[in-house]
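Student: Sharing a structure with you now.
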Amino acid sequence: MNFSRRGFLRLGMAVGAAKALRIPVQAPETAGAPLFHEVAPSSSGINWVHENAMSDNRYLPETLGPGCAFLDYDNDGWMDIYLVNSGPCDFWTPTKPVRNALYKNNRDGTFTDVTEKAGVGGGTFGMGVAVGDYDNDGWPDIFITSYGRCILYKNNRDGTFADVTDKAGLAAPGWTTSAVWFDFDNDGLLDLFICSFVDYGAKQKLACGDNQLGNHYYCIPRVFRGTPSFLYHNNGNGTFSEVSKGTDIARALGKVQNFVFVNRGPDASGKTRWEEIALQAEVAFSDNGQPRSGMGVDAGDLDNDGWQDLFVANVDQEMFSVYRNNKNETFTDVAHLHGVAQATRLLSGWGLKYFDYDNDGAIDLILANGHPDDMIGRYSRQVRYQEPLLLFHQGPDGKLKNVSTEGGTAFEKTFSARGLAVGDYDNDGAIDVLIATNAGPPVLLKNNAAKGNNWLGLKLEGAACNRDAIGARILWKAGGKLRQRLKNNGGSYLSSHDLREVLGIGAAAQIDELEIHWPAPSKRIEKLTNLAPNRYIHIIEGKGIA
Ligand SMILES: [Ca+2]
Ligand SMILES: [Ca+2]
Ligand SMILES: [Ca+2]
Ligand SMILES: [Ca+2]
């Protein structure tokens with residue numbers, strides 16, 4: 001299917017979205033050059049291709065993967081890449097070898113496949129990846145979600161990993177999708193939240209299709225029973241305990257609506273109280289009260305007021321959501337205000353990220369899209385299977401503007417995009433993008449959009465708090481402007497990101513003040529002043545710059 005950008009623009013205008021899709025004036029520093037350069041596999045050395053296992057029966061897990069990650073597995077200061085693949089399961093027996101892939105960054109723009117040596121090939125029907133240093137030894141570990149058994153790979157600190165899933169107790173039943181590491185009880189150890197979707201066991205493999213044509217297509221999730229997500233507490237001895245049973249997390253079944261689980265802290269017995277508030281927070285359903293599909297999700301402080309705003313990607317006709325935080329546990333969907341609703345009316349979104357791609361200090365947005373049903377083009381006149389990527393830039397008026405036409409060749413194509421990770425793989429301070437596609441090669445986008453703007457890169461190392469410093473709050477003042485960011489370790493879909501933070505300061509010559517508010521238990525505030533830009537620094541909790 002050839003779904004050209006021109007065709008997309010025409011469709012957009014037909015629904016009255018011409019204003020949102022108008023091409024903005026190019027910023028002087030990027031005049032002429034595309035914002036992102038698509039790095040071909042022949043140039044990067046990343047020759048791995050996702051196998052989606054598509055069958056005549058159209059089993060649903062075939063179309064929902066895969067995820068991808070930027071991580072520095074060998075701690076040499078250069079981002080490596082992890083890619084998740086399908087694998088043997090109860091509905092599929094591969095006829096040729098299929099595996100996940102770990103690519104080592106050669107520091108010259110190329111990568112080398114080190115999967116076999118590292119021992120991280122997977123072996124289950126993989127979906128997503130979440131990277132976190134769960135044992136606080138300074139080396140990133142890898143968790144993989146699956147249709148079937150999950151995998152926890154512990155980093156052996158010598159370029160190899162050990163499958164410690166069984167000891168850890170993290171096999172997690174059923175079909176799991178996105179996962180994220182965070183320290184919910186502030187004991188300095190990363191815990192793990194794992195999303196689950198629907199019950200897709202042998203008995204539930206329904207055939208959906210058209211009897212007249214004899215075609216099977218992917219069943220809509222509505223026909224399956226939703227399953228609850230899991231929260232695992234890190235016990236600190238290499239084992240984890242599921243602690244979501246009996247809480248609102250276990251009562252919330254996948255696929256019916258969006259959920260927000262608020263951590264209300266420990267009760268008298270020390271057990272963390274989780275309160276699900278999506279309905280009163282006005283993020284459960286659309287403004288019309290309709291449930292939406294909700295695939296990719298991210299949190300970020302879009303308007304720099306110190307409160308986390310949300311983004312949720314949905315399927316076509318539902319439009320994506322930009323949820324502005326009203327600072328009272330409610331949100332307002334402002335997707336129309338930003339032109340995001342108009343631009344996404346016909347799209348289905350998965351990987352996505354709020355990030356400041358041009359280092360002007362204001363958060364921007366990238367969206368990776370694709371319809372889950374490969375036969376959608378037969379049933380819909382407007383919606384296509386492969387869809388374009390979308391790039392939004394935040395202007396001085398605080399609004400996100402669609403700048404996809406300036407994005408470069410990748411934004412002129414269509415993909416079955418799923419996972420999306422951000423990370424600075426060439427250490428130039430401009431955050432690059434990796435997109436995982438279903439049944440295709442990953443798409444690597446080198447960022448050329450930040451030239452002319454200054455930045456400071458931070459590697460934060462917790463001492464009392466979790467070593468990855470997830471939950472740290474970063475405030476920086478430059479050129480008379482104060483900005484802030486909450487360091488999380490998630491967002492997007494099935495994917496995991498460069499753990500470093502790049503602070504954009506535009507034309508300012510230095511960062512005048514930098515404050516790191518380390519998370520509990522210390523809650524220490526560390527202040528640094530007069531920092532020269534355009535370099536990465538390593539800050540250790542309580543010790544300053546290493
Ligand atoms: Ca590395
Ligand atoms: Ca913990
Ligand atoms: Ca920006
Ligand atoms: Ca870069």
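Here's how to read the names in the structure tokens: chain A, B, ... by the order shown, residue numbers from 1 in each chain, ligand numbers from 1 in the order shown.
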Which residues sit within 9 Å of ligand 1, counting only C-alpha atoms and all ligand atoms, listed as a list of chain:residue names?
Tutor: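 Result of the 9 Å neighbour search around ligand 1: A:Leu71, A:Asp72, A:Tyr73, A:Asp74, A:Asn75, A:Asp76, A:Gly77, A:Trp78, A:Met79, A:Asp80, A:Ile81, A:Tyr103, A:Lys104, A:Asn105, A:Asn106, A:Arg107.
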Student: Kindly compile the residues surrounding ligand 3 within 10 Å, counting only C-alpha atoms and all ligand atoms, and format them as a PyMOL selection string.
Tutor: chain A and resi 354-365+392-396+400+449-450+504-506
Student: Enter the distance from atom CA of Phe320 of chain A to atom CA of Lys401 of chain A, in Å, rounded to one decimal.
Tutor: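 Interatomic distance, atom CA of Phe320 of chain A to atom CA of Lys401 of chain A: 14.6 Å.
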Student: Among segment 275-381 of chain A, which ones does DSSP place in alpha helix (DSSP H), written as a list of chain:residue names?
Tutor: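 For segment 275-381 of chain A, the alpha helix (DSSP H) set is A:Ala278, A:Leu279, A:Gln280, A:Ala281, A:Val340, A:Ala341, A:Gln342, A:Ala343, A:Ile376, A:Gly377, A:Arg378, A:Tyr379.
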Student: Quick one: residues within 9 Å of segment 116-130 of chain A, only C-alpha atoms, excluding same-chain residues fewer than 2 positions away - as a PyMOL selection string?
Tutor: chain A and resi 61+64-69+82-89+92+98-102+113-114+132+141-151+153+158-163+175-181+419+489-490+493-497
Student: Distance atom CA of Asp191 of chain A-atom CA of Leu231 of chain A, one decimal place?
Tutor: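 A separation of 7.6 Å between them.
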Student: Please write out the residues within 8 Å of ligand 4 as a list in words, counting only C-alpha atoms and all ligand atoms.
Tutor: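 Protein and nucleic-acid residues within 8 Å of ligand 4: Gly423, Asp424, Tyr425, Asp426, Asn427, Asp428, Gly429, Ala430, Ile431, Asp432, Lys446, Asn447 and Asn448 of chain A.
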Student: Could the residues that lie within 12 Å of ligand 2, counting only C-alpha atoms and all ligand atoms, be listed as a ChimeraX atom specification?
Tutor: /A:133-136,181-193,231-237,239-241,243,272,464-467,470-471,519-521
Student: Dump N, CA and C atoms for the selected residues as an mmCIF file, in the first residue's frame?
Tutor:
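Dumped to out-v4.cif:
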data_model
loop_
_atom_site.group_PDB
_atom_site.id
_atom_site.type_symbol
_atom_site.label_atom_id
_atom_site.label_comp_id
_atom_site.auth_asym_id
_atom_site.auth_seq_id
_atom_site.Cartn_x
_atom_site.Cartn_y
_atom_site.Cartn_z
ATOM 1 N N ASP A 133 18.878 -1.495 36.237
ATOM 2 C CA ASP A 133 19.935 -2.102 37.058
ATOM 3 C C ASP A 133 19.312 -2.566 38.371
ATOM 4 N N TYR A 134 18.674 -3.741 38.336
ATOM 5 C CA TYR A 134 17.851 -4.150 39.491
ATOM 6 C C TYR A 134 18.684 -4.542 40.692
ATOM 7 N N ASP A 135 19.978 -4.919 40.464
ATOM 8 C CA ASP A 135 20.809 -5.324 41.600
ATOM 9 C C ASP A 135 21.844 -4.256 41.970
ATOM 10 N N ASN A 136 21.671 -3.020 41.425
ATOM 11 C CA ASN A 136 22.484 -1.870 41.830
ATOM 12 C C ASN A 136 23.984 -2.115 41.748
ATOM 13 N N TRP A 181 10.779 -0.416 35.015
ATOM 14 C CA TRP A 181 11.444 -0.507 36.318
ATOM 15 C C TRP A 181 11.288 0.827 37.052
ATOM 16 N N PHE A 182 10.890 0.784 38.321
ATOM 17 C CA PHE A 182 10.835 1.987 39.161
ATOM 18 C C PHE A 182 10.807 1.532 40.614
ATOM 19 N N ASP A 183 11.134 2.432 41.533
ATOM 20 C CA ASP A 183 11.223 2.060 42.948
ATOM 21 C C ASP A 183 10.007 2.594 43.683
ATOM 22 N N PHE A 184 8.938 1.781 43.737
ATOM 23 C CA PHE A 184 7.673 2.303 44.284
ATOM 24 C C PHE A 184 7.700 2.485 45.787
ATOM 25 N N ASP A 185 8.575 1.749 46.510
ATOM 26 C CA ASP A 185 8.571 1.844 47.973
ATOM 27 C C ASP A 185 9.831 2.515 48.524
ATOM 28 N N ASN A 186 10.594 3.155 47.648
ATOM 29 C CA ASN A 186 11.729 3.980 48.077
ATOM 30 C C ASN A 186 12.728 3.248 48.961
ATOM 31 N N ASP A 187 12.939 1.973 48.676
ATOM 32 C CA ASP A 187 13.955 1.238 49.445
ATOM 33 C C ASP A 187 15.289 1.175 48.695
ATOM 34 N N GLY A 188 15.368 1.900 47.571
ATOM 35 C CA GLY A 188 16.626 1.933 46.825
ATOM 36 C C GLY A 188 16.784 0.791 45.845
ATOM 37 N N LEU A 189 15.751 -0.035 45.695
ATOM 38 C CA LEU A 189 15.799 -1.170 44.773
ATOM 39 C C LEU A 189 14.690 -1.028 43.741
ATOM 40 N N LEU A 190 15.044 -1.176 42.468
ATOM 41 C CA LEU A 190 14.054 -1.036 41.398
ATOM 42 C C LEU A 190 13.066 -2.189 41.423
ATOM 43 N N ASP A 191 11.785 -1.842 41.391
ATOM 44 C CA ASP A 191 10.710 -2.822 41.292
ATOM 45 C C ASP A 191 10.239 -2.850 39.836
ATOM 46 N N LEU A 192 9.337 -3.774 39.534
ATOM 47 C CA LEU A 192 8.987 -3.974 38.124
ATOM 48 C C LEU A 192 7.475 -4.011 37.939
ATOM 49 N N PHE A 193 6.973 -3.129 37.055
ATOM 50 C CA PHE A 193 5.559 -3.163 36.659
ATOM 51 C C PHE A 193 5.486 -3.788 35.270
ATOM 52 N N LEU A 231 2.576 -6.112 39.486
ATOM 53 C CA LEU A 231 3.632 -5.339 40.138
ATOM 54 C C LEU A 231 4.477 -6.308 40.960
ATOM 55 N N TYR A 232 5.786 -6.301 40.703
ATOM 56 C CA TYR A 232 6.707 -7.166 41.430
ATOM 57 C C TYR A 232 7.625 -6.322 42.304
ATOM 58 N N HIS A 233 7.715 -6.689 43.583
ATOM 59 C CA HIS A 233 8.623 -6.007 44.506
ATOM 60 C C HIS A 233 9.982 -6.695 44.495
ATOM 61 N N ASN A 234 11.025 -5.882 44.400
ATOM 62 C CA ASN A 234 12.404 -6.367 44.415
ATOM 63 C C ASN A 234 12.808 -6.629 45.863
ATOM 64 N N ASN A 235 13.075 -7.893 46.182
ATOM 65 C CA ASN A 235 13.400 -8.259 47.563
ATOM 66 C C ASN A 235 14.857 -8.009 47.920
ATOM 67 N N GLY A 236 15.687 -7.654 46.937
ATOM 68 C CA GLY A 236 17.070 -7.293 47.224
ATOM 69 C C GLY A 236 18.027 -8.471 47.283
ATOM 70 N N ASN A 237 17.496 -9.669 47.103
ATOM 71 C CA ASN A 237 18.352 -10.862 47.154
ATOM 72 C C ASN A 237 18.270 -11.647 45.855
ATOM 73 N N THR A 239 15.498 -12.062 44.225
ATOM 74 C CA THR A 239 14.136 -12.562 44.038
ATOM 75 C C THR A 239 13.141 -11.417 44.065
ATOM 76 N N PHE A 240 11.997 -11.680 43.484
ATOM 77 C CA PHE A 240 10.911 -10.700 43.427
ATOM 78 C C PHE A 240 9.627 -11.338 43.952
ATOM 79 N N SER A 241 8.750 -10.501 44.526
ATOM 80 C CA SER A 241 7.449 -10.997 44.978
ATOM 81 C C SER A 241 6.353 -10.209 44.297
ATOM 82 N N VAL A 243 3.209 -8.267 44.250
ATOM 83 C CA VAL A 243 2.527 -7.562 45.334
ATOM 84 C C VAL A 243 1.264 -6.859 44.848
ATOM 85 N N THR A 272 2.000 -1.004 50.500
ATOM 86 C CA THR A 272 1.709 0.178 49.676
ATOM 87 C C THR A 272 0.257 0.165 49.209
ATOM 88 N N ALA A 464 22.243 6.249 47.752
ATOM 89 C CA ALA A 464 21.218 5.785 48.690
ATOM 90 C C ALA A 464 19.973 5.336 47.929
ATOM 91 N N CYS A 465 19.648 6.075 46.864
ATOM 92 C CA CYS A 465 18.481 5.689 46.052
ATOM 93 C C CYS A 465 18.896 4.631 45.035
ATOM 94 N N ASN A 466 17.963 4.182 44.211
ATOM 95 C CA ASN A 466 18.285 3.204 43.177
ATOM 96 C C ASN A 466 19.396 3.747 42.291
ATOM 97 N N ARG A 467 20.292 2.891 41.865
ATOM 98 C CA ARG A 467 21.503 3.307 41.162
ATOM 99 C C ARG A 467 21.187 4.061 39.864
ATOM 100 N N ILE A 470 16.146 6.588 39.041
ATOM 101 C CA ILE A 470 14.777 6.754 38.555
ATOM 102 C C ILE A 470 13.979 7.454 39.653
ATOM 103 N N GLY A 471 13.280 8.520 39.293
ATOM 104 C CA GLY A 471 12.529 9.303 40.267
ATOM 105 C C GLY A 471 13.232 10.591 40.668
ATOM 106 N N PRO A 519 15.847 11.016 44.684
ATOM 107 C CA PRO A 519 14.645 10.444 45.308
ATOM 108 C C PRO A 519 14.940 9.868 46.686
ATOM 109 N N ALA A 520 13.882 9.501 47.400
ATOM 110 C CA ALA A 520 14.022 8.868 48.709
ATOM 111 C C ALA A 520 14.853 7.585 48.562
ATOM 112 N N PRO A 521 15.533 7.111 49.588
ATOM 113 C CA PRO A 521 15.376 7.577 50.971
ATOM 114 C C PRO A 521 16.118 8.869 51.329
#
Student: In terms of the shortest atom-to-atom distance over only C-alpha atoms, which of A:Asp301, A:Asn288, A:Ser492, A:Asp248 is closest to Gly349 of chain A?
Tutor: A:Ser492
Student: What does the distance from atom CA of Tyr536 of chain A to atom CA of Trp455 of chain A come to in Å, to one decimal?
Tutor: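 Computed distance, atom CA of Tyr536 of chain A to atom CA of Trp455 of chain A, equals 9.0 Å.
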Student: Give me, as a Markdown table, each residue of segment 188-290 of chain A that comes within 9 Å of segment 366-390 of chain A, together with its shortest interatomic pair and the distance in Å at one decimal, counting only C-alpha atoms, with rows ordered by chain and rising residue number.
Tutor:
| residue | atom | partner | partner_atom | distance |
| --- | --- | --- | --- | --- |
| A:Tyr217 | CA | A:Asp373 | CA | 6.9 |
| A:Tyr218 | CA | A:Asp373 | CA | 6.0 |
| A:Cys219 | CA | A:Asp373 | CA | 8.8 |
Student: I'd like to know which of A:Phe285, A:Lys527, A:Ala469, A:Leu391 is closest to Thr405 of chain A, using only C-alpha atoms.
Tutor: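 The shortest atom-to-atom distance to Thr405 of chain A comes from A:Leu391.
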Student: List the neighbours of segment 258-260 of chain A out to 6 Å using only C-alpha atoms; skip same-chain residues closer than 3 positions along the sequence, and give me the result as JSON, numbers by chain.
Tutor: {"A": [276, 277, 278, 284]}
Student: Can you list, as a compact mmCIF listing (two decimals) with C-alpha atoms, in the first residue's frame, every residue of segment 283-529 of chain A that DSSP puts in strand (DSSP E)?
Tutor:
# COMPACT_ATOMS: atom_id res chain seq x y z
CA VAL A 297 1.84 6.00 26.56
CA ASP A 298 4.30 8.54 27.93
CA ALA A 299 4.56 11.10 30.71
CA GLY A 300 6.49 14.36 30.49
CA ASP A 309 1.41 15.61 31.47
CA LEU A 310 0.45 12.42 29.65
CA PHE A 311 0.23 11.16 26.09
CA VAL A 312 -1.79 8.13 24.96
CA SER A 321 -4.68 12.08 23.64
CA VAL A 322 -2.53 14.89 25.02
CA TYR A 323 -3.52 15.06 28.69
CA ARG A 324 -2.63 18.34 30.40
CA ASN A 325 -2.16 17.96 34.15
CA PHE A 331 -6.34 15.98 33.32
CA THR A 332 -7.77 17.74 30.26
CA ASP A 333 -7.34 16.28 26.78
CA GLY A 349 -0.08 4.69 17.38
CA TRP A 350 2.36 2.58 19.37
CA GLY A 351 5.89 3.80 20.12
CA LEU A 352 6.08 7.47 21.04
CA LYS A 353 8.16 9.81 23.15
CA TYR A 354 8.02 13.30 24.58
CA PHE A 355 11.62 14.52 24.12
CA ASP A 364 8.77 17.88 21.47
CA LEU A 365 7.09 14.64 20.36
CA ILE A 366 7.59 11.72 17.97
CA LEU A 367 4.92 9.13 17.06
CA ALA A 368 5.41 5.69 15.44
CA ASN A 369 2.28 4.36 13.76
CA LEU A 390 4.87 11.91 12.85
CA LEU A 391 7.16 14.54 14.37
CA PHE A 392 5.88 17.51 16.38
CA HIS A 393 7.93 20.51 17.48
CA GLN A 394 6.93 22.69 20.41
CA LEU A 400 3.04 21.20 19.27
CA LYS A 401 3.28 21.68 15.52
CA ASN A 402 3.45 18.90 12.97
CA ALA A 417 5.98 0.68 13.36
CA ARG A 418 5.58 -0.64 16.90
CA GLY A 419 8.31 -0.01 19.51
CA LEU A 420 10.28 3.25 19.68
CA ALA A 421 13.29 4.11 21.82
CA VAL A 422 15.26 7.35 22.16
CA GLY A 423 18.97 7.61 22.89
CA ASP A 432 18.48 9.90 18.23
CA VAL A 433 15.54 7.55 17.62
CA LEU A 434 15.20 3.80 17.05
CA ILE A 435 11.93 2.39 15.72
CA ALA A 436 11.07 -1.32 15.71
CA THR A 437 8.81 -2.43 12.87
CA VAL A 443 14.71 2.19 11.59
CA LEU A 444 17.60 4.21 13.03
CA LEU A 445 17.23 7.99 12.86
CA LYS A 446 20.28 10.17 13.52
CA ASN A 447 19.28 13.55 14.92
CA ASN A 454 23.75 24.05 23.57
CA TRP A 455 23.16 21.17 25.94
CA LEU A 456 24.47 19.34 28.98
CA GLY A 457 24.25 15.55 29.26
CA LEU A 458 23.82 13.92 32.68
CA LYS A 459 24.55 10.42 33.84
CA LEU A 460 23.04 10.26 37.31
CA GLU A 461 24.24 7.58 39.71
CA ARG A 473 13.96 15.58 39.73
CA ILE A 474 16.30 17.78 37.70
CA LEU A 475 16.07 21.59 37.64
CA TRP A 476 18.31 23.73 35.49
CA LYS A 477 18.60 27.47 34.93
CA ALA A 478 20.18 28.87 31.78
CA LYS A 481 14.96 30.34 32.06
CA LEU A 482 14.27 27.68 34.68
CA ARG A 483 13.40 24.20 33.39
CA GLN A 484 12.67 20.94 35.16
CA ARG A 485 12.33 17.27 34.46
CA LEU A 486 11.33 14.12 36.34
CA GLU A 501 19.32 12.98 30.44
CA VAL A 502 20.19 15.68 27.91
CA LEU A 503 19.31 19.19 29.12
CA GLY A 504 18.76 21.57 26.21
CA ILE A 505 19.59 25.24 26.83
CA GLY A 506 19.20 26.78 23.37
CA ILE A 511 23.99 26.26 32.79
CA ASP A 512 24.01 28.80 35.59
CA GLU A 513 22.42 26.51 38.17
CA LEU A 514 21.70 22.80 38.24
CA GLU A 515 19.80 21.06 41.03
CA ILE A 516 19.43 17.31 41.40
CA HIS A 517 16.66 16.32 43.80
CA ILE A 525 19.37 18.15 47.00
CA GLU A 526 22.65 18.59 45.16
CA LYS A 527 23.47 21.99 43.59
CA LEU A 528 26.05 22.76 40.92
CA THR A 529 26.73 26.12 39.30
